[in-house]
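For reference, the structure is listed below as structure tokens.
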Amino acid sequence: MVKKRRNIVAIILTLLFGVVLFYIGTDGFQAYTAESARTKELIEEQPEFPEVTLEDSNERVYPFSAFEDKYVMLTFIYTSCTDVCLELEMNLAQVYNQIPAEYIGEDIVFLSISFDPTRDDPETLTKYRNYFNSDGETWRMARIADQEELDYLLDEFGVIVIPNGNGDFTHNSAFYLVDPNGTLVDVMDYTKIDEAAARVTSILNNEEEG
């Protein structure tokens with residue numbers, strides 16, 4: 001009986017030790033996957049959006065600083081994507097539609113950036129944005145033609161893009177919110193549409209009240 005009790009105690013202690021190790025190793029259970037760890041690190045570090053040059057679907061060329069004094073809701077996509085990018089942009093459209101109209105274009109703009117600039121020229125981006133009712137102004141789709149600038153941005157914002165050799169890419173996806181100073185302030189789960197819309201609206205409301 002005593003031996004059995006000792007075995008039970010040993011099992012409980014082993015389990016507790018395992019839980020403690022998992023808690024420490026995942027930073028309080030928050031970083032339980034590589035992606036969630038990367039997201040947590042980005043939010044903590046709050047990188048600055050680099051001064052890249054964008055070319056949008058209307059063939060306009062301008063620096064990212066053209067959006068100064070506005071929040072920017074970002075996604076990273078490529079138009080040949082047949083799965084996650086479509087869901088990402090459809091969900092972004094729903095977030096866009098939930099933001100109070102008075103903020104759109106005045107306090108916040110939406111921007112989808114292609115990481116496949118060779119194929120995603122302005123004409124291709126125009127066709128693509130029409131699938132999601134993007135107006136090309138308050139929600140723009142653009143490419144960064146300079147590969148070095150693009151790679152630097154992707155690295156700064158923790159966007160993983162891996163070519164598969166067949167013209168497609170394996171990549172992670174999220175909503176990224178940059179503040180009027182060009183600082184990344186949040187990375188949101190793109191599958192949680194209502195939560196993302198509420199988060200952005202709350203930030204904009206606080207700015208208005210401030």
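Chains: A, B, ... in order of the structure tokens. Residues: from 1 per chain. Ligands: from 1, in order shown.
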- Message: Residues within 10 Å of A:Ser134, please, as a count of residues only. Count only C-alpha atoms; anything in the same chain fewer than 5 positions from it doesn't count.
- Response: 12
- Message: For A:Ile113, find every residue with an atom within 8 Å (counting only C-alpha atoms), except residues of its own chain fewer than 3 positions away, and show them as a ChimeraX atom specification.
- Response: /A:74-78,141-144
- Message: Going by DSSP on the backbone, which residues of stretch 86-144 of chain A come out as alpha helix (DSSP H)? List them as a PyMOL selection string.
- Response: chain A and resi 86-98+122-130
- To one decimal place, how far is atom CA of A:Val95 from atom CA of A:Tyr62 in Å? 25.3 Å
- Counting only C-alpha atoms, the residue among A:Leu154, A:Ile193, A:Met73, A:Ala101 that lies closest to A:Leu177 is A:Met73
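Of the residues listed (A:Val161, A:Ile43, A:Ala197, A:Cys81), A:Ile43 shows the shortest atom-to-atom separation from A:Val178; distances use only C-alpha atoms.
Atom pair atom CA of A:Glu208 / atom CA of A:Phe132 has a distance of 28.4 Å (rounded to one decimal).
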- Interatomic distance (Å, one decimal) between atom CA of A:Glu59 and atom CA of A:Leu204: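 Atom CA of A:Glu59 sits 29.4 Å away from atom CA of A:Leu204.
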- Query: Which residue, A:Glu68, A:Glu55, A:Asp146, A:Glu41, has the smallest gap to A:Gly182 when you use only C-alpha atoms?
  - Reply: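 Smallest separation from A:Gly182 among the options: A:Glu68.
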- Skip A:Asp120 itself and residues of its chain fewer than 5 positions away, then list as a list in words all residues within 7 Å of it, counting only C-alpha atoms.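 The filter keeps Thr79, Ser114, Leu125 and Arg143 of chain A.
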- Task: Measuring atom to atom with only C-alpha atoms, identify which of A:Asn205, A:Thr124, A:Asn130, A:Asn181 is nearest to A:Asp56.
- Result: A:Thr124
- For A:Asp168, list every protein, DNA or RNA residue within 8 Å, evaluated using only C-alpha atoms, and leave out those in the same chain fewer than 4 positions away; present the list as JSON, numbers by chain. {"A": [80, 81, 163, 164]}
